[in-house]
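Read the structure below first, then the notes.
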Amino acid sequence: MLTRAAALWRTGLLSGWGGGRGLWTGRPQSDTDNAKPLEGVKILDLTRVLAGPFATMNLGDLGAEVIKVERPGVGDDTRTWGPPFVDTESTYFLSVNRNKKSIAVNIKDPQGVKIIKELAAVCDVFVENYVPGKLSAMGLGYEDVDKIAPHIVYCSITGYGQTGPMSQRAGYDSVASAISGLMYITGPEDGDPVRPGVAMTDLATGLYAFGAIMAGLIQRYRTGRGLFIDCNLLSSQVACLTQIAANYLIGQKEAKRWGTAHGSIVPYQAFKTKDGYLVVGAGNNQQFATICKILNLPELIDDSKYKTNHLRVQNRKELIKILSARFIEEVTKKWLCLFEGSGIPYGPINSMKEIFEEPQVLHNGLIMEMKHPTVGKISVPG
């Protein structure tokens, strides 16, 4: 099978599992509308774990044909990450590898390198997430692939970049999250740094890679030439620090942890209710006044200590104490009813069970059901 990989893929004889997200144009659908924007685009995917697979899954959702190259006998590391498992399949692996075809190739073997080059020659995009220089040593670096496929959009996803003092380190989300400062600003105000509940550094890098690949395809359309894309976890997460980084770079203000609260907006945080939590935000004075009316605390509206957001930030502790005492008097459902239609940003802190019972989540079609070739019908977030 391996020696015939390129031919099999061209003829569509390599099969995989997948479903795919629909595209809504806001108008009646025609046959042309049903065609996905990346149909006909071929992706050669040498990525593992999360950032790379997340990027290529999104390309597959838009209609690209993705072939995932894995190690013989072992496969992607995440195939073993669990429990939970469905039969022998890791749910972690299933969550980011829909809409892909899979092939096992030993890229340390010259014959395996030959197969990858044959596939690259008929592909539009090449995505990998090896430590810089590792694929080049095997003859599969950008310079090598460019010689036989000058049209290729080659995307390399690393931990810290192609060069520099940390470039040879393995890149894992939690470590990059720590080094980039995300973990420093995440957690309770007076507590220890906390790892975000999902691998946001990996996911952000995957989205940056996805966007860069889309831009690369447009450039190739204009020029007829491929290009090299450098994405890495560290750069992606530092870029995502946005206003927190700007506070330091422009105002020399060191960051701190705020729990669920916001350093520059008050109130904007989770409040404990009788039976759960409700997140409420007041981005302007009118919203603050509305919140006070809903809480039956009208005296706060004209209080000189809370007239502006700047003053509310200065008097945060006193104000939050007053609001917290009111929120805990009622159950979450009661507050949801009171805030409905008010124009205030609000919402409960949901468990996984509650998320996938949420009417808006169901309305948005965020549960994707598909048939897996070995485990049958499964559901994944989409």
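Residues are referred to by chain and number: the chain letter is A, B, ... according to the order shown in the structure tokens, the number counts from 1 in that chain, and ligands are numbered separately from 1 in the order shown.
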
- Counting only C-alpha atoms, what is within 12 Å of segment 89-91 of chain A, bar same-chain residues fewer than 4 positions away, as number ranges by chain? A: 49, 75-85, 95-98, 372-376, 378-381

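Secondary structure from DSSP on the backbone puts alpha helix (DSSP H) at the following positions of segment 140-187 of chain A: Tyr142, Glu143, Asp144, Val145, Asp146, Lys147, Ile148, Asp173, Ser174, Val175, Ala176, Ser177, Ala178 and Ile179 of chain A.
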
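We find atom CA of Pro37 of chain A and atom CA of Ser156 of chain A to be spaced 23.1 Å apart.
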
- Item | Shell around segment 194-208 of chain A at 10 Å using only C-alpha atoms, local window under 5 positions removed, as a PyMOL selection string | chain A and resi 49-58+157-159+171-178+180+182-188+213-214+231-240+257+259

- Contacts of Ile320 of chain A at 12 Å (only C-alpha atoms; same-chain gap of 3+ positions) as a ChimeraX atom specification: /A:261,265-272,280,300,306,312-317,323-327

- Task: Considering only C-alpha atoms, return as a PyMOL selection string whatever protein or nucleic-acid residues lie within 6 Å of segment 222-229 of chain A, sequence-local ones (same chain, fewer than 3 positions apart) excluded.
- Result: chain A and resi 150-155+219

- Tell me, as a PyMOL selection string, which residues lie within 12 Å of segment 122-125 of chain A, counting only C-alpha atoms; anything in the same chain fewer than 3 positions away does not count. chain A and resi 5-11+38-46+55-56+59-60+64-67+115-119+128+142+145-146+148-156+209-210+212-218+220-221+224-229

- Message: Quick check, in Å to one decimal: how far apart do atom CA of Phe339 of chain A and atom CA of Glu189 of chain A lie?
- Response: 27.2 Å

- Task: Determine, counting only C-alpha atoms, which protein, DNA and RNA residues have an atom within 8 Å of an atom of Ala255 of chain A; residues of the same chain fewer than 6 positions away are not included. Present the result as an NGL selection string.
- Result: :A and (185 or 244 or 247-248)
